[in-house]
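Below is protein-v3.txt, holding compact mmCIF, C-alpha atoms.
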# COMPACT_ATOMS: atom_id res chain seq x y z
CA MET A 238 2.61 -17.19 5.08
CA ASP A 239 2.17 -20.43 3.12
CA ASN A 240 1.92 -18.48 -0.14
CA ASN A 241 4.81 -16.07 0.50
CA GLU A 242 7.32 -16.69 -2.27
CA ALA A 243 10.16 -14.90 -0.46
CA LEU A 244 9.72 -16.94 2.71
CA ALA A 245 9.46 -20.18 0.76
CA HIS A 246 12.66 -19.31 -1.13
CA ALA A 247 14.44 -18.50 2.13
CA ALA A 248 13.32 -21.81 3.67
CA GLY A 249 14.68 -23.70 0.68
CA LEU A 250 18.06 -21.96 1.00
CA ALA A 251 18.20 -22.63 4.74
CA ASN A 252 17.55 -26.33 4.13
CA ARG A 253 20.18 -26.45 1.39
CA HIS A 254 22.77 -24.94 3.74
CA GLY A 255 21.68 -27.06 6.69
CA LEU A 256 20.98 -23.94 8.76
CA PRO A 257 18.04 -22.53 10.71
CA LEU A 258 16.01 -19.69 9.22
CA LEU A 259 15.75 -16.27 10.86
CA VAL A 260 13.27 -13.58 9.80
CA ALA A 261 14.30 -10.02 10.65
CA GLU A 262 12.02 -6.98 10.42
CA SER A 263 13.04 -3.41 11.12
CA LEU A 264 11.31 -0.14 11.88
CA SER A 265 13.18 3.14 12.06
CA PHE A 266 12.58 6.73 13.09
CA ALA A 267 14.09 7.61 9.69
CA ASP A 268 11.34 5.90 7.65
CA PRO A 269 9.61 8.45 5.38
CA GLN A 270 6.23 7.80 7.04
CA ALA A 271 7.51 7.58 10.60
CA SER A 272 4.65 8.69 12.85
CA ASP A 273 2.42 7.32 15.59
CA ARG A 274 0.05 6.04 12.89
CA HIS A 275 2.64 4.18 10.85
CA HIS A 276 4.60 2.85 13.82
CA THR A 277 1.49 1.66 15.67
CA PHE A 278 0.19 -0.20 12.62
CA VAL A 279 3.53 -1.93 12.03
CA LEU A 280 4.04 -2.83 15.68
CA GLU A 281 0.53 -4.28 15.96
CA GLY A 282 1.56 -6.92 13.45
CA VAL A 283 4.71 -8.02 15.27
CA PRO A 284 3.38 -10.34 18.05
CA GLY A 285 1.30 -12.39 15.62
CA MET A 286 4.14 -12.64 13.13
CA GLU A 287 6.58 -13.80 15.79
CA ALA A 288 4.16 -16.44 17.08
CA ALA A 289 3.37 -17.78 13.59
CA LEU A 290 7.05 -18.07 12.70
CA ARG A 291 7.89 -19.76 15.99
CA GLN A 292 5.22 -22.41 15.32
CA ARG A 293 7.04 -23.26 12.08
CA GLY A 294 10.45 -23.44 13.74
CA ILE A 295 11.64 -20.10 12.36
CA GLY A 296 13.49 -17.50 14.43
CA TYR A 297 12.40 -13.88 14.55
CA CYS A 298 14.16 -10.61 15.31
CA PHE A 299 12.44 -7.24 15.39
CA CYS A 300 14.78 -4.24 15.17
CA LEU A 301 13.45 -0.89 16.37
CA ARG A 302 15.68 2.14 15.91
CA ARG A 303 14.19 4.96 17.96
CA ASN A 304 16.56 7.85 17.15
CA ASP A 305 19.86 8.72 15.50
CA THR A 306 21.87 8.04 18.67
CA GLU A 307 21.02 4.34 18.49
CA PRO A 308 23.20 2.22 16.19
CA GLU A 309 21.70 0.18 13.38
CA VAL A 310 21.28 -3.44 14.42
CA LEU A 311 20.32 -4.93 11.06
CA PRO A 312 23.68 -4.76 9.19
CA ALA A 313 25.56 -6.64 11.93
CA LEU A 314 22.74 -9.16 12.23
CA LEU A 315 22.67 -9.85 8.48
CA ALA A 316 26.46 -10.13 8.28
CA ASP A 317 26.24 -13.40 10.25
CA ALA A 318 23.88 -14.96 7.69
CA ALA A 319 24.85 -17.38 4.94
CA VAL A 320 22.42 -15.75 2.48
CA VAL A 321 19.99 -12.83 2.81
CA VAL A 322 16.57 -12.93 1.15
CA THR A 323 14.51 -9.75 0.87
CA ASP A 324 11.39 -8.56 -0.96
CA ASP A 325 11.82 -7.14 -4.43
CA PHE A 326 9.67 -4.09 -3.69
CA PRO A 327 9.83 -1.39 -6.40
CA THR A 328 9.72 1.91 -4.52
CA PRO A 329 12.61 4.37 -4.13
CA TRP A 330 12.94 4.13 -0.33
CA VAL A 331 12.99 0.32 -0.27
CA ARG A 332 15.32 0.14 -3.25
CA GLN A 333 17.76 2.56 -1.66
CA GLU A 334 17.71 0.76 1.68
CA THR A 335 18.19 -2.62 0.02
CA GLU A 336 21.14 -1.36 -2.03
CA ARG A 337 22.64 0.34 1.03
CA LEU A 338 22.44 -2.79 3.16
CA ALA A 339 23.58 -5.10 0.35
CA GLY A 340 26.62 -2.88 -0.16
CA LYS A 341 27.68 -3.56 3.44
CA LEU A 342 27.35 -7.34 3.23
CA PRO A 343 29.99 -9.82 2.02
CA ILE A 344 27.31 -12.41 1.15
CA GLU A 345 24.65 -13.05 -1.48
CA VAL A 346 21.45 -11.02 -1.32
CA HIS A 347 18.44 -12.48 -3.11
CA GLN A 348 15.47 -10.27 -3.99
CA VAL A 349 12.19 -12.14 -4.44
CA ASP A 350 8.93 -10.71 -5.76
CA ALA A 351 6.47 -11.51 -2.99
CA SER A 352 4.05 -8.72 -3.93
CA CYS A 353 2.65 -9.67 -7.32
CA ILE A 354 0.98 -12.85 -8.52
CA VAL A 355 2.65 -12.69 -11.92
CA PRO A 356 6.20 -11.59 -11.05
CA MET A 357 7.08 -8.07 -12.16
CA ARG A 358 10.10 -9.31 -14.10
CA ARG A 359 7.88 -11.39 -16.38
CA MET A 360 6.72 -8.13 -17.98
CA GLU A 361 9.50 -7.31 -20.42
CA LYS A 362 8.86 -3.56 -20.42
CA LYS A 363 6.73 -0.78 -18.99
CA GLN A 364 3.11 -1.12 -20.04
CA TYR A 365 1.12 1.81 -21.38
CA ALA A 366 -2.25 0.98 -19.81
CA ALA A 367 -4.43 -1.82 -18.49
CA TYR A 368 -5.37 -2.95 -22.00
CA THR A 369 -1.72 -3.67 -22.85
CA ILE A 370 -0.81 -5.54 -19.66
CA ARG A 371 -4.09 -7.48 -19.35
CA PRO A 372 -3.48 -10.06 -22.12
CA ARG A 373 0.08 -10.60 -20.91
CA ILE A 374 -1.08 -11.25 -17.35
CA HIS A 375 -3.94 -13.51 -18.45
CA ARG A 376 -1.54 -15.55 -20.57
CA LEU A 377 0.78 -16.12 -17.59
CA LEU A 378 -1.83 -16.35 -14.83
CA PRO A 379 -2.42 -20.14 -14.98
CA GLU A 380 1.26 -20.58 -14.18
CA TYR A 381 1.06 -18.50 -10.99
CA LEU A 382 -2.54 -18.34 -9.73
CA LYS A 383 -2.32 -21.54 -7.73
CA PRO A 384 -1.26 -22.49 -4.21
CA GLN A 385 2.46 -22.77 -3.71
CA ALA A 386 4.02 -26.09 -2.90
CA GLU A 387 4.19 -26.85 0.79
CA TRP A 388 7.48 -26.04 2.46
CA HIS A 389 9.13 -26.46 5.86
CA VAL A 390 12.44 -25.85 7.58
CA ASP A 391 14.57 -28.89 8.32
CA LYS A 392 16.55 -27.30 11.13
CA PRO A 393 14.43 -25.30 13.60
CA TRP A 394 15.65 -22.15 15.27
CA LYS A 395 16.48 -22.84 18.90
CA GLY A 396 17.19 -20.51 21.74
CA ALA A 397 16.55 -16.83 22.32
CA PRO A 398 16.22 -14.18 19.59
CA PRO A 399 19.48 -12.49 18.52
CA ALA A 400 20.89 -9.46 20.32
CA GLY A 401 19.07 -6.33 19.30
CA HIS A 402 15.63 -7.93 19.28
CA VAL A 403 12.92 -5.70 20.76
CA ALA A 404 10.07 -7.56 22.42
CA VAL A 405 6.70 -6.25 21.27
CA THR A 406 3.43 -7.01 23.02
CA GLU A 407 -0.01 -5.52 22.53
CA ALA A 408 0.36 -3.81 25.92
CA ASN A 409 3.72 -2.13 25.30
CA ILE A 410 3.05 -0.73 21.82
CA PRO A 411 2.02 2.77 23.02
CA GLU A 412 5.17 2.97 25.14
CA LEU A 413 7.40 1.91 22.25
CA VAL A 414 5.78 4.42 19.89
CA ALA A 415 6.16 7.23 22.44
CA SER A 416 9.87 6.43 22.84
CA CYS A 417 10.61 7.01 19.14
CA ASN A 418 11.75 10.31 17.67
CA ILE A 419 8.94 10.45 15.11
CA ASP A 420 5.95 12.62 14.17
CA HIS A 421 3.62 12.35 17.17
CA THR A 422 0.99 14.65 15.62
CA VAL A 423 -0.51 11.92 13.39
CA PRO A 424 -2.51 9.58 15.64
CA PRO A 425 -3.20 5.90 14.93
CA SER A 426 -5.93 5.10 12.43
CA THR A 427 -9.49 5.10 13.70
CA SER A 428 -10.29 2.16 11.46
CA PHE A 429 -7.38 -0.21 10.86
CA ARG A 430 -5.28 -2.27 13.24
CA GLY A 431 -2.10 -3.81 11.91
CA SER A 432 -2.27 -7.46 12.97
CA ARG A 433 -2.65 -10.36 10.59
CA SER A 434 -5.75 -11.46 12.50
CA HIS A 435 -7.38 -8.14 11.61
CA ALA A 436 -6.26 -8.52 8.00
CA LEU A 437 -7.90 -11.93 7.83
CA ALA A 438 -11.05 -10.54 9.47
CA HIS A 439 -11.26 -7.87 6.75
CA LEU A 440 -10.84 -10.57 4.11
CA GLU A 441 -13.48 -12.80 5.67
CA ARG A 442 -15.95 -9.91 5.89
CA PHE A 443 -15.33 -9.08 2.25
CA LEU A 444 -15.99 -12.65 1.17
CA GLN A 445 -19.16 -13.09 3.21
CA GLU A 446 -20.73 -9.63 3.01
CA ARG A 447 -19.27 -7.74 0.06
CA LEU A 448 -17.98 -9.89 -2.78
CA ALA A 449 -21.48 -10.54 -4.16
CA ARG A 450 -22.10 -6.77 -4.25
CA TYR A 451 -18.66 -5.66 -5.37
CA ASP A 452 -19.23 -5.33 -9.11
CA GLN A 453 -22.38 -3.20 -8.77
CA GLU A 454 -21.62 -1.20 -5.61
CA ARG A 455 -17.85 -0.71 -5.35
CA ASN A 456 -18.01 2.94 -6.48
CA GLU A 457 -20.62 3.89 -3.87
CA PRO A 458 -18.61 4.63 -0.70
CA CYS A 459 -21.54 4.42 1.71
CA ASN A 460 -22.40 0.91 0.53
CA HIS A 461 -19.02 -0.39 1.79
CA ALA A 462 -18.53 -3.02 -0.90
CA THR A 463 -14.73 -2.87 -1.22
CA SER A 464 -12.24 -5.18 0.47
CA THR A 465 -10.42 -2.52 2.60
CA LEU A 466 -7.31 -4.71 2.31
CA GLY A 467 -4.99 -2.05 0.90
CA PRO A 468 -3.07 -1.30 4.14
CA TYR A 469 -2.65 -5.02 4.85
CA LEU A 470 -1.41 -5.85 1.36
CA HIS A 471 1.09 -3.00 1.53
CA HIS A 472 2.49 -4.12 4.88
CA GLY A 473 2.49 -7.82 4.00
CA ARG A 474 -0.12 -8.93 6.53
CA VAL A 475 -1.88 -10.73 3.68
CA GLY A 476 -0.55 -11.53 0.22
CA ALA A 477 -2.07 -10.86 -3.19
CA LEU A 478 -1.95 -14.56 -4.09
CA GLU A 479 -3.57 -15.49 -0.78
CA VAL A 480 -6.42 -13.03 -1.37
CA ALA A 481 -6.96 -13.99 -5.00
CA LEU A 482 -7.11 -17.70 -4.18
CA ALA A 483 -9.54 -17.09 -1.31
CA VAL A 484 -11.80 -14.98 -3.52
CA ARG A 485 -11.74 -17.49 -6.37
CA SER A 486 -12.48 -20.40 -4.03
CA TYR A 487 -15.33 -18.60 -2.25
CA ALA A 488 -16.81 -17.47 -5.57
CA GLU A 489 -16.76 -21.02 -6.97
CA GLU A 490 -18.39 -22.41 -3.84
CA HIS A 491 -21.15 -19.77 -3.79
CA ARG A 492 -21.59 -19.45 -7.57
CA LEU A 493 -20.43 -15.85 -7.71
CA ILE A 494 -18.57 -14.09 -10.51
CA PRO A 495 -15.40 -12.51 -9.05
CA ASP A 496 -14.05 -11.08 -12.33
CA ALA A 497 -14.48 -7.41 -11.39
CA PHE A 498 -12.55 -7.81 -8.15
CA LEU A 499 -9.82 -9.96 -9.69
CA GLU A 500 -9.39 -7.37 -12.44
CA GLU A 501 -8.62 -4.75 -9.78
CA MET A 502 -6.65 -7.12 -7.56
CA ILE A 503 -4.45 -8.52 -10.30
CA VAL A 504 -4.47 -6.52 -13.54
CA ARG A 505 -4.81 -2.99 -12.13
CA ARG A 506 -2.61 -3.61 -9.11
CA GLU A 507 0.13 -5.25 -11.15
CA LEU A 508 -0.04 -2.42 -13.68
CA ALA A 509 0.90 -0.15 -10.76
CA TYR A 510 3.81 -2.39 -9.82
CA ASN A 511 4.90 -2.49 -13.44
CA HIS A 512 5.03 1.31 -13.46
CA ALA A 513 7.03 1.45 -10.23
CA PHE A 514 9.38 -1.31 -11.37
CA TYR A 515 10.35 0.38 -14.63
CA ALA A 516 10.24 4.03 -13.48
CA GLU A 517 13.34 5.10 -11.56
CA GLN A 518 11.27 7.78 -9.81
CA PRO A 519 7.70 6.42 -9.89
CA ASP A 520 6.34 9.60 -8.27
CA SER A 521 7.63 11.96 -10.98
CA LEU A 522 5.60 13.77 -13.64
CA GLU A 523 8.34 12.77 -16.07
CA HIS A 524 6.64 9.39 -16.27
CA ILE A 525 3.19 10.53 -17.39
CA PRO A 526 2.53 10.22 -21.15
CA GLY A 527 4.00 12.81 -23.49
CA TRP A 528 0.57 14.13 -24.47
CA ALA A 529 -0.23 14.74 -20.77
CA GLN A 530 3.08 16.49 -20.10
CA GLU A 531 2.53 18.74 -23.12
CA THR A 532 -1.08 19.67 -22.37
CA LEU A 533 -0.30 20.47 -18.71
CA ARG A 534 2.63 22.60 -19.85
CA VAL A 535 0.40 24.53 -22.28
CA HIS A 536 -2.10 25.25 -19.48
CA ALA A 537 0.43 25.88 -16.70
CA ARG A 538 -0.34 29.61 -16.64
CA ASP A 539 -4.14 29.22 -16.55
CA GLU A 540 -5.80 31.06 -13.68
CA ARG A 541 -6.52 28.99 -10.57
CA ASN A 542 -9.40 30.33 -8.53
CA PRO A 543 -9.37 29.37 -5.74
CA CYS A 544 -5.73 28.46 -5.19
CA TYR A 545 -5.17 26.80 -1.82
CA SER A 546 -2.01 26.39 0.25
CA TYR A 547 -0.72 23.03 1.43
CA GLN A 548 -1.94 23.75 4.96
CA GLN A 549 -5.44 24.54 3.74
CA PHE A 550 -5.50 21.20 1.95
CA GLU A 551 -4.19 19.32 4.99
CA ASP A 552 -6.74 20.99 7.26
CA ALA A 553 -9.62 20.31 4.81
CA HIS A 554 -10.37 24.01 4.52
CA THR A 555 -11.88 24.31 1.04
CA TYR A 556 -15.30 25.46 -0.14
CA ASP A 557 -16.16 21.89 -1.27
CA ALA A 558 -17.81 19.78 1.47
CA LEU A 559 -17.24 16.53 -0.42
CA TRP A 560 -13.53 17.22 -0.91
CA ASN A 561 -13.21 18.21 2.74
CA ALA A 562 -14.80 14.88 3.71
CA THR A 563 -12.33 12.90 1.60
CA GLN A 564 -9.41 14.68 3.27
CA LYS A 565 -10.94 14.06 6.70
CA GLU A 566 -11.27 10.38 5.82
CA LEU A 567 -7.56 10.30 4.95
CA ARG A 568 -6.71 11.97 8.26
CA LEU A 569 -8.95 9.68 10.31
CA ARG A 570 -8.84 6.30 8.61
CA GLY A 571 -5.52 6.54 6.82
CA SER A 572 -7.18 5.82 3.48
CA ILE A 573 -9.74 7.26 1.06
CA HIS A 574 -12.34 5.25 -0.80
CA GLY A 575 -10.83 4.57 -4.24
CA TYR A 576 -13.49 6.31 -6.32
CA TYR A 577 -13.47 9.45 -4.20
CA ARG A 578 -9.67 9.45 -4.07
CA MET A 579 -9.73 10.15 -7.80
CA TYR A 580 -11.92 13.19 -7.17
CA TRP A 581 -9.69 14.21 -4.25
CA GLY A 582 -6.64 14.24 -6.52
CA LYS A 583 -8.30 15.96 -9.46
CA LYS A 584 -9.47 18.86 -7.30
CA ILE A 585 -5.99 19.33 -5.84
CA ILE A 586 -4.79 19.86 -9.41
CA ASP A 587 -7.66 22.30 -10.00
CA TRP A 588 -6.82 24.33 -6.88
CA SER A 589 -2.99 24.30 -6.92
CA ALA A 590 -0.63 26.91 -8.37
CA SER A 591 0.92 24.35 -10.77
CA PRO A 592 0.87 20.62 -11.57
CA GLU A 593 4.16 20.28 -9.70
CA ALA A 594 2.67 21.91 -6.59
CA ALA A 595 -0.36 19.63 -6.83
CA LEU A 596 1.86 16.56 -7.04
CA ARG A 597 3.90 17.65 -4.01
CA THR A 598 0.69 18.15 -2.02
CA MET A 599 -0.71 14.73 -2.90
CA LEU A 600 2.54 12.93 -2.12
CA ARG A 601 3.02 14.77 1.16
CA LEU A 602 -0.54 14.14 2.34
CA HIS A 603 -0.24 10.44 1.54
CA GLU A 604 3.15 10.22 3.22
CA ARG A 605 1.79 11.81 6.39
CA PHE A 606 -1.59 10.12 6.67
CA ALA A 607 -2.04 7.11 4.36
CA LEU A 608 -1.28 3.67 5.71
CA ASP A 609 -0.20 2.67 2.20
CA GLY A 610 1.51 5.96 1.40
CA GLY A 611 4.69 4.33 0.09
CA ASP A 612 2.98 1.76 -2.12
CA PRO A 613 3.28 1.48 -5.93
CA ASN A 614 -0.51 1.75 -6.03
CA THR A 615 -0.26 5.12 -4.30
CA TYR A 616 2.21 6.53 -6.80
CA THR A 617 0.23 5.19 -9.74
CA ASN A 618 -3.14 6.40 -8.47
CA ILE A 619 -1.70 9.87 -7.90
CA LEU A 620 -0.08 10.03 -11.34
CA TRP A 621 -3.32 8.75 -12.90
CA CYS A 622 -4.80 12.10 -11.89
CA PHE A 623 -2.23 13.67 -14.25
CA GLY A 624 -2.92 11.28 -17.16
CA LEU A 625 -0.88 8.14 -16.40
CA HIS A 626 -2.54 5.01 -17.87
CA ASP A 627 -5.31 7.21 -19.29
CA ARG A 628 -6.14 8.80 -22.65
CA PRO A 629 -6.69 12.39 -23.83
CA TRP A 630 -10.10 13.94 -23.16
CA MET A 631 -11.86 17.13 -24.21
CA GLU A 632 -9.63 20.15 -23.61
CA ARG A 633 -10.46 22.55 -20.79
CA PRO A 634 -8.65 25.13 -18.61
CA ILE A 635 -5.91 23.98 -16.20
CA PHE A 636 -6.25 20.29 -17.13
CA GLY A 637 -5.90 20.66 -20.87
CA LYS A 638 -6.67 17.20 -22.25
CA VAL A 639 -6.21 15.42 -18.91
CA ARG A 640 -9.43 13.91 -17.55
CA TYR A 641 -11.47 16.26 -15.33
CA MET A 642 -13.87 15.25 -12.56
CA ALA A 643 -16.64 17.55 -11.35
CA LEU A 644 -18.71 17.66 -8.17
CA SER A 645 -21.86 17.36 -10.27
CA GLY A 646 -20.65 13.99 -11.55
CA MET A 647 -20.03 12.75 -8.02
CA GLN A 648 -23.50 13.92 -6.97
CA ARG A 649 -25.08 12.19 -9.95
CA LYS A 650 -23.25 8.88 -9.50
CA THR A 651 -22.90 8.57 -5.71
CA ASN A 652 -24.66 9.49 -2.48
CA VAL A 653 -22.47 12.45 -1.56
CA ASN A 654 -24.56 13.54 1.42
CA CYS A 655 -24.47 10.06 2.96
CA TYR A 656 -20.66 9.99 2.72
CA ILE A 657 -20.23 13.46 4.22
CA HIS A 658 -22.52 12.50 7.11
CA GLU A 659 -20.60 9.24 7.70
CA ILE A 660 -17.25 11.02 7.89
CA ASP A 661 -18.67 13.71 10.17
CA GLN A 662 -19.97 11.00 12.51
CA LEU A 663 -16.61 9.24 12.41
CA ALA A 664 -14.91 12.46 13.46
CA LEU A 665 -17.35 12.88 16.33
CA ASN A 666 -17.61 9.41 17.87
CA ARG A 667 -15.04 7.14 16.10
CA ARG A 668 -17.68 4.52 15.33
CA ASP A 669 -16.70 3.29 11.90
CA PRO A 670 -18.42 0.90 9.45
CA VAL A 671 -14.96 0.11 8.03
CA ARG A 672 -13.47 -1.09 11.32
CA VAL A 673 -13.35 -4.78 12.14
CA GLN A 674 -13.24 -5.53 15.84

Please rewrite the model in this file as structure tokens.
Amino acid sequence: MDNNEALAHAAGLANRHGLPLLVAESLSFADPQASDRHHTFVLEGVPGMEAALRQRGIGYCFCLRRNDTEPEVLPALLADAAVVVTDDFPTPWVRQETERLAGKLPIEVHQVDASCIVPMRRMEKKQYAAYTIRPRIHRLLPEYLKPQAEWHVDKPWKGAPPAGHVAVTEANIPELVASCNIDHTVPPSTSFRGSRSHALAHLERFLQERLARYDQERNEPCNHATSTLGPYLHHGRVGALEVALAVRSYAEEHRLIPDAFLEEMIVRRELAYNHAFYAEQPDSLEHIPGWAQETLRVHARDERNPCYSYQQFEDAHTYDALWNATQKELRLRGSIHGYYRMYWGKKIIDWSASPEAALRTMLRLHERFALDGGDPNTYTNILWCFGLHDRPWMERPIFGKVRYMALSGMQRKTNVNCYIHEIDQLALNRRDPVRVQ
């Protein structure tokens, strides 16, 4: 919260106007990912958020729209504000909702980049790959990779929350989720709970148990050397700046070299945000490089054998036990280990009737099951499978010059059998090495 640029900006405006600050969050049955999994994760973060804001003298209103017979609360609530501050989040759904709400308001709406360390707008254009954005980020990083100045609100919020506020407690979350007209066939994650306390527990575990191993072991899923912070970063339970500062501080204290993690956390992540910021439809094949579009077009009629349906993919009914395990992980945890997610996507291309069909399958599976399904990282990681931010490789059927990944490579580089066994055990007894109690 201390390093949230949007909240700090809002506090400054409130003080300038001599008014209290109110934070409003909303959750709707109409959200693209609306399901028991998504709603539960979001709601689990509400009690802690409300308590933390109250301690700082900030009001809080949580708006829950259960179905289309309930009116929207947020527009009327925002109309009473002097200024509205919102995240500058570069995905189609958020952009559309922000524009829709701003169009109804007779007041200023400020969008603040609270997602990236180096603000997206400091990159003057879309970057081709990591090697083009890296020097730009490193040049600007000293300006931004530092704790923000302390801030406070001069005039505390007093009294009850505004009309329309829905009280959320840990005990009533299942009841609230059940009352919503959403997809009740996707259960909550076996592995992630949505509170900030759980986010901080994942961060603390990463610092103490995984950071020292990250560079050497991050691509071995069974070694559990990654941060597992993706869902929390996407939902704002921790911030990128907060994580980067914690990692840098811990590494300095314990004489570790955090460069590999910070490369992923800052350069690679902000490359994804750069793509989403400059691409009107960041999930479209129109935004992969021209060479990739051409080579996929040339090989569009290549034979696919096997060729699976969407339902077969969703149900993990393929001949490949490793791929089936990655899909089961997505269904159970709401995420896939990053290295295996690349293999997961490549095989969907291999087994789909066309690149367009493969893309639709990947997007739909992430939208249904992934806790970060609407994140710029999601769109970029999916399009990477089709050549985004990559280079041409040796030509082969179906893929043309787009990079191919084979089961033999996974078996050579990782402990495939260990991973399959772990996911099978997770499906049986829900005991998960990823979960933090």

Nearest to Gly637 of chain A by atom-to-atom distance, counting all atoms listed in the file, from A:Glu523, A:Asp539, A:Glu551, A:Asp317: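 Result for the nearest residue to Gly637 of chain A: A:Asp539.
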
Taking (-15.0, 6.2, -1.9) in the file's coordinates as the center, which residues reach within 7 Å of it, counting only C-alpha atoms, put as a PyMOL selection string? chain A and resi 456-458+573-578

Residues at most 12 Å from Cys622 of chain A, counting only C-alpha atoms, excluding those fewer than 4 positions away in the same chain, as a ChimeraX atom specification? /A:520,522,525-526,529,533,576-587,592,595-596,599,615-618,626-628,636,638-642

Can I get the selection written as a PDB file, in the frame of the given file, with C-alpha atoms?
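This is the output file out_1.pdb:
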ATOM      1  CA  ASP A 520       6.340   9.600  -8.270  1.00  0.00           C
ATOM      2  CA  LEU A 522       5.600  13.770 -13.640  1.00  0.00           C
ATOM      3  CA  ILE A 525       3.190  10.530 -17.390  1.00  0.00           C
ATOM      4  CA  PRO A 526       2.530  10.220 -21.150  1.00  0.00           C
ATOM      5  CA  ALA A 529      -0.230  14.740 -20.770  1.00  0.00           C
ATOM      6  CA  LEU A 533      -0.300  20.470 -18.710  1.00  0.00           C
ATOM      7  CA  TYR A 576     -13.490   6.310  -6.320  1.00  0.00           C
ATOM      8  CA  TYR A 577     -13.470   9.450  -4.200  1.00  0.00           C
ATOM      9  CA  ARG A 578      -9.670   9.450  -4.070  1.00  0.00           C
ATOM     10  CA  MET A 579      -9.730  10.150  -7.800  1.00  0.00           C
ATOM     11  CA  TYR A 580     -11.920  13.190  -7.170  1.00  0.00           C
ATOM     12  CA  TRP A 581      -9.690  14.210  -4.250  1.00  0.00           C
ATOM     13  CA  GLY A 582      -6.640  14.240  -6.520  1.00  0.00           C
ATOM     14  CA  LYS A 583      -8.300  15.960  -9.460  1.00  0.00           C
ATOM     15  CA  LYS A 584      -9.470  18.860  -7.300  1.00  0.00           C
ATOM     16  CA  ILE A 585      -5.990  19.330  -5.840  1.00  0.00           C
ATOM     17  CA  ILE A 586      -4.790  19.860  -9.410  1.00  0.00           C
ATOM     18  CA  ASP A 587      -7.660  22.300 -10.000  1.00  0.00           C
ATOM     19  CA  PRO A 592       0.870  20.620 -11.570  1.00  0.00           C
ATOM     20  CA  ALA A 595      -0.360  19.630  -6.830  1.00  0.00           C
ATOM     21  CA  LEU A 596       1.860  16.560  -7.040  1.00  0.00           C
ATOM     22  CA  MET A 599      -0.710  14.730  -2.900  1.00  0.00           C
ATOM     23  CA  THR A 615      -0.260   5.120  -4.300  1.00  0.00           C
ATOM     24  CA  TYR A 616       2.210   6.530  -6.800  1.00  0.00           C
ATOM     25  CA  THR A 617       0.230   5.190  -9.740  1.00  0.00           C
ATOM     26  CA  ASN A 618      -3.140   6.400  -8.470  1.00  0.00           C
ATOM     27  CA  HIS A 626      -2.540   5.010 -17.870  1.00  0.00           C
ATOM     28  CA  ASP A 627      -5.310   7.210 -19.290  1.00  0.00           C
ATOM     29  CA  ARG A 628      -6.140   8.800 -22.650  1.00  0.00           C
ATOM     30  CA  PHE A 636      -6.250  20.290 -17.130  1.00  0.00           C
ATOM     31  CA  LYS A 638      -6.670  17.200 -22.250  1.00  0.00           C
ATOM     32  CA  VAL A 639      -6.210  15.420 -18.910  1.00  0.00           C
ATOM     33  CA  ARG A 640      -9.430  13.910 -17.550  1.00  0.00           C
ATOM     34  CA  TYR A 641     -11.470  16.260 -15.330  1.00  0.00           C
ATOM     35  CA  MET A 642     -13.870  15.250 -12.560  1.00  0.00           C
TER      36      MET A 642
END

Would you list the residues near (4.6, -1.6, 16.6) (no more than 12 Å away, in the coordinates of the file, using all atoms listed in the file) as a PyMOL selection string? chain A and resi 262-265+271-286+299-303+403-417+425+430-432

Measuring atom to atom with all atoms listed in the file, identify which of A:His421, A:His554, A:Arg474, A:His658 is nearest to Ser434 of chain A.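 Closest to Ser434 of chain A of all the choices is A:Arg474.
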
Proximity check segment 509-604 of chain A to segment 325-339 of chain A, 9 Å, nearest pairs one decimal Å, all atoms listed in the file, as JSON lines:
{"residue": "A:Tyr510", "atom": "CA", "partner": "A:Pro327", "partner_atom": "CA", "distance": 7.0}
{"residue": "A:Asn511", "atom": "CA", "partner": "A:Pro327", "partner_atom": "CA", "distance": 8.7}
{"residue": "A:His512", "atom": "CA", "partner": "A:Pro327", "partner_atom": "CA", "distance": 9.0}
{"residue": "A:Ala513", "atom": "CA", "partner": "A:Pro327", "partner_atom": "CA", "distance": 5.5}
{"residue": "A:Phe514", "atom": "CA", "partner": "A:Pro327", "partner_atom": "CA", "distance": 5.0}
{"residue": "A:Tyr515", "atom": "CA", "partner": "A:Pro327", "partner_atom": "CA", "distance": 8.4}
{"residue": "A:Ala516", "atom": "CA", "partner": "A:Pro327", "partner_atom": "CA", "distance": 8.9}
{"residue": "A:Glu517", "atom": "CA", "partner": "A:Pro329", "partner_atom": "CA", "distance": 7.5}
{"residue": "A:Gln518", "atom": "CA", "partner": "A:Pro329", "partner_atom": "CA", "distance": 6.8}
{"residue": "A:Pro519", "atom": "CA", "partner": "A:Thr328", "partner_atom": "CA", "distance": 7.3}

What does the structure give for the distance between atom CA of Leu342 of chain A and atom CA of Asn252 of chain A, in Å to one decimal? 21.4 Å

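Restricting the calculation to all atoms listed in the file, the smallest distance between Trp560 of chain A and any of A:Tyr297, A:Phe429, A:Tyr656, A:Tyr469 is found for A:Tyr656.
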
Edge lengths and centre in Å to one decimal, as AutoDock Vina command-line options, of the axis-aligned box that encloses all listed atoms of segment 316-326 of chain A with 4 Å added on every side?
--center_x 18.1 --center_y -10.7 --center_z 2.9 --size_x 24.8 --size_y 21.3 --size_z 22.7

Nearest to Leu470 of chain A, chosen from A:Ala366, A:Leu482, A:Ala590, A:Leu608, with all atoms listed in the file counted in the distances: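 Among A:Ala366, A:Leu482, A:Ala590, A:Leu608, it is A:Leu608 that comes nearest to Leu470 of chain A.
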
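Non-sequential neighbours of Ser428 of chain A (distance at most 12 Å, separation of 5 or more positions within a chain, only C-alpha atoms) are Arg274, Phe278, His435, Ala436, His439, Thr465, Leu466, Pro468, Glu566, Leu567, Arg568, Leu569, Arg570, Gly571, Ser572, Ile573, Ala607, Leu608, Ile660, Leu663, Ala664, Arg667, Arg668, Asp669, Pro670, Val671, Arg672, Val673 and Gln674 of chain A.
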